[in-house]
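Shown here: upload_12.pdb, PDB, C-alpha atoms.
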ATOM      1  CA  MET A 298      78.875 132.108 126.141
ATOM      2  CA  ALA A 299      81.330 129.742 124.439
ATOM      3  CA  ALA A 300      81.937 130.135 120.714
ATOM      4  CA  MET A 301      80.369 127.486 118.507
ATOM      5  CA  PRO A 302      82.857 125.512 116.421
ATOM      6  CA  ASP A 303      82.772 126.176 112.703
ATOM      7  CA  ARG A 304      80.598 123.701 110.853
ATOM      8  CA  LYS A 305      82.283 122.027 107.910
ATOM      9  CA  THR A 306      80.962 120.140 104.940
ATOM     10  CA  TYR A 307      81.946 116.470 105.009
ATOM     11  CA  GLU A 308      81.772 114.299 101.917
ATOM     12  CA  PHE A 309      81.195 110.555 102.192
ATOM     13  CA  THR A 310      79.090 107.807 100.645
ATOM     14  CA  LEU A 311      76.682 105.441 102.375
ATOM     15  CA  ILE A 312      76.413 102.076 100.625
ATOM     16  CA  LEU A 313      72.883 100.823 101.150
ATOM     17  CA  ALA A 314      71.794  97.229 101.587
ATOM     18  CA  SER A 315      68.428  95.503 101.093
ATOM     19  CA  GLN A 316      67.389  97.206  97.841
ATOM     20  CA  PRO A 317      68.865  96.625  94.368
ATOM     21  CA  GLU A 318      67.554  99.669  92.485
ATOM     22  CA  VAL A 319      66.342 103.224  92.828
ATOM     23  CA  THR A 320      62.578 103.685  92.756
ATOM     24  CA  ASP A 321      60.512 106.859  92.965
ATOM     25  CA  GLU A 322      59.170 105.694  96.345
ATOM     26  CA  ILE A 323      62.685 105.271  97.754
ATOM     27  CA  ALA A 324      63.918 108.579  96.328
ATOM     28  CA  ASP A 325      60.933 110.497  97.716
ATOM     29  CA  ALA A 326      61.210 108.828 101.138
ATOM     30  CA  VAL A 327      64.977 109.336 101.444
ATOM     31  CA  TYR A 328      64.877 112.991 100.415
ATOM     32  CA  GLY A 329      61.834 113.603 102.611
ATOM     33  CA  ALA A 330      63.642 112.070 105.604
ATOM     34  CA  GLY A 331      66.426 114.652 105.411
ATOM     35  CA  CYS A 332      68.847 113.306 102.815
ATOM     36  CA  ASP A 333      68.337 116.268 100.495
ATOM     37  CA  ASP A 334      72.081 116.945 100.719
ATOM     38  CA  ALA A 335      72.883 113.631  99.011
ATOM     39  CA  THR A 336      72.765 112.161  95.544
ATOM     40  CA  LEU A 337      70.940 108.842  95.357
ATOM     41  CA  GLY A 338      72.286 106.423  92.786
ATOM     42  CA  SER A 339      72.778 102.805  91.859
ATOM     43  CA  ARG A 340      75.743 101.009  90.365
ATOM     44  CA  CYS A 341      75.867  97.293  89.558
ATOM     45  CA  GLY A 342      72.754  96.639  91.631
ATOM     46  CA  VAL A 343      74.016  98.500  94.697
ATOM     47  CA  LEU A 344      72.290 101.645  95.979
ATOM     48  CA  TYR A 345      74.327 104.486  97.428
ATOM     49  CA  LEU A 346      73.885 107.979  98.800
ATOM     50  CA  ALA A 347      76.773 110.370  98.132
ATOM     51  CA  PHE A 348      76.593 113.070 100.815
ATOM     52  CA  ALA A 349      77.987 116.559 101.209
ATOM     53  CA  ARG A 350      76.717 117.117 104.763
ATOM     54  CA  GLU A 351      77.393 120.086 106.996
ATOM     55  CA  ALA A 352      78.158 119.174 110.609
ATOM     56  CA  ASP A 353      80.460 119.885 113.547
ATOM     57  CA  SER A 354      82.408 116.650 112.966
ATOM     58  CA  LEU A 355      82.714 113.794 110.489
ATOM     59  CA  TRP A 356      81.123 111.441 113.016
ATOM     60  CA  GLY A 357      78.206 113.856 113.461
ATOM     61  CA  ALA A 358      77.691 114.041 109.693
ATOM     62  CA  ILE A 359      77.774 110.267 109.229
ATOM     63  CA  SER A 360      75.586 109.424 112.235
ATOM     64  CA  SER A 361      72.930 111.977 111.261
ATOM     65  CA  ALA A 362      72.917 110.629 107.687
ATOM     66  CA  ILE A 363      72.425 107.060 108.933
ATOM     67  CA  THR A 364      69.597 108.251 111.189
ATOM     68  CA  ASP A 365      67.961 109.971 108.210
ATOM     69  CA  VAL A 366      68.204 106.798 106.087
ATOM     70  CA  LYS A 367      66.466 104.820 108.858
ATOM     71  CA  ARG A 368      63.829 107.545 109.198
ATOM     72  CA  ALA A 369      62.913 107.084 105.515
ATOM     73  CA  ASN A 370      61.278 103.816 106.630
ATOM     74  CA  VAL A 371      61.467 102.045 103.253
ATOM     75  CA  GLY A 372      63.526  99.058 104.376
ATOM     76  CA  LEU A 373      66.965 100.497 103.690
ATOM     77  CA  SER A 374      69.956  99.755 105.852
ATOM     78  CA  VAL A 375      73.503 101.054 105.654
ATOM     79  CA  GLY A 376      75.997  98.380 104.678
ATOM     80  CA  ARG A 377      79.097 100.539 104.949
ATOM     81  CA  VAL A 378      80.479 104.059 104.784
ATOM     82  CA  GLU A 379      83.042 105.074 102.193
ATOM     83  CA  PRO A 380      85.105 108.232 102.604
ATOM     84  CA  ASP A 381      85.635 110.763  99.872
ATOM     85  CA  ASP A 382      89.224 109.752  99.101
ATOM     86  CA  LEU A 383      89.796 111.692  95.908
ATOM     87  CA  VAL A 384      91.120 115.159  96.659
ATOM     88  CA  THR A 385      93.084 117.773  94.775
ATOM     89  CA  THR A 386      96.464 119.129  95.813
ATOM     90  CA  GLY A 387      94.668 122.347  96.755
ATOM     91  CA  GLU A 388      92.360 120.472  99.146
ATOM     92  CA  ILE A 389      95.294 118.610 100.668
ATOM     93  CA  ALA A 390      97.176 121.886 101.124
ATOM     94  CA  GLU A 391      94.144 123.471 102.814
ATOM     95  CA  ARG A 392      93.740 120.519 105.171
ATOM     96  CA  LEU A 393      97.444 120.593 106.069
ATOM     97  CA  GLY A 394      97.714 124.368 106.231
ATOM     98  CA  CYS A 395     100.467 124.613 103.633
ATOM     99  CA  SER A 396     100.841 125.640  99.989
ATOM    100  CA  ARG A 397      99.923 123.595  96.915
ATOM    101  CA  GLU A 398     103.556 123.730  95.868
ATOM    102  CA  THR A 399     104.601 122.109  99.139
ATOM    103  CA  VAL A 400     102.087 119.307  98.554
ATOM    104  CA  ARG A 401     103.319 118.903  94.964
ATOM    105  CA  LEU A 402     106.915 118.589  96.191
ATOM    106  CA  TYR A 403     105.893 115.985  98.798
ATOM    107  CA  ALA A 404     104.152 114.003  96.075
ATOM    108  CA  LEU A 405     107.297 113.966  93.938
TER     109      LEU A 405
END
What does this structure look like when you write it as structure tokens?
Amino acid sequence: MAAMPDRKTYEFTLILASQPEVTDEIADAVYGAGCDDATLGSRCGVLYLAFAREADSLWGAISSAITDVKRANVGLSVGRVEPDDLVTTGEIAERLGCSRETVRLYAL
């Protein structure tokens, strides 16, 4: 039997279209549809879901999140996906497999 790849937690934000504000109905439907690993919010009349989703790949995390939003069946659609761009030097070092000091020196 082949070993299963390690699942990672991917962070990204889905910007939602078609609804200007958070309502209890939307929150209940979205969380009930499987988005309980996301924070639902609104900024300047735009709804978003900020995810920290465990999956085998980034694409798997994003596609399952979009499927869950559709499953909520409250008229939401995904306008775009935004990556989690803000990272610490420690996170960069972990992703690159080097030390934080190495990352700090590259940044200088």
Å distance separating atom CA of A:Ser354 from atom CA of A:Asp333, one decimal place: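 We find that atom CA of A:Ser354 and atom CA of A:Asp333 lie 18.8 Å from each other.
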Enclose all atoms of stretch 317-332 of chain A listed in the file in an axis-aligned box, grow every side by 6 Å, and hand back centre and edge lengths in Å to one decimal, as JSON.
{"center_x": 64.0, "center_y": 105.6, "center_z": 99.0, "size_x": 21.7, "size_y": 30.0, "size_z": 25.1}
Close residues, A:Arg340 itself excluded, 12 Å, all atoms listed in the file, min 6 positions apart in chain, as number ranges by chain: A: 312-313, 316-319, 346
For A:Asp325: contacts at 12 Å, all atoms listed in the file, fewer than 4 positions along chain excluded, given as a list in words: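 The neighbour list is Val319, Thr320, Asp321, Gly329, Ala330, Gly331, Cys332, Asp333, Leu337, Val366, Ala369, Asn370 and Val371 of chain A.
For the set A:Ser339, A:Ala362, A:Asp334, A:Ala404, the residue with the smallest atom-to-atom gap to A:Ser374 is A:Ala362, counting only C-alpha atoms.
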Ground truth for the PyMOL selection byres ((chain A and resi 350) around 8), written as a count of residues only: 10
Distance of atom CA of A:Thr385 from atom CA of A:Thr336, expressed in Å to one decimal place: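 One can read the atom CA of A:Thr336 to atom CA of A:Thr385 distance as 21.1 Å.
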Best match for closeness to A:Gly376 among A:Ile363, A:Gly342, A:Thr399, A:Gly394, counting only C-alpha atoms: A:Ile363
Å distance separating atom CA of A:Thr386 from atom CA of A:Gly338, one decimal place: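 The value is 27.5 Å.
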Residue among A:Leu311, A:Ile359, A:Thr364, A:Leu402 lying closest to A:Ala390, counting all atoms listed in the file: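 Checking each of A:Leu311, A:Ile359, A:Thr364, A:Leu402 against A:Ala390, counting all atoms listed in the file, the winner is A:Leu402.
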Given only C-alpha atoms as the counted atoms, nearest of A:Thr310, A:Ala347, A:Ile389, A:Gly372 to A:Tyr403: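 Of A:Thr310, A:Ala347, A:Ile389, A:Gly372, the one nearest A:Tyr403, counting only C-alpha atoms, is A:Ile389.
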Nearest candidate to A:Leu344 (options A:Cys395, A:Ala314, A:Asp365, A:Trp356; using all atoms listed in the file):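 Of A:Cys395, A:Ala314, A:Asp365, A:Trp356, the one nearest A:Leu344 is A:Ala314, counting all atoms listed in the file.
Using only C-alpha atoms, the smallest distance between any of A:Leu355, A:Val400, A:Asp303, A:Lys367 and A:Pro380 comes from A:Leu355.
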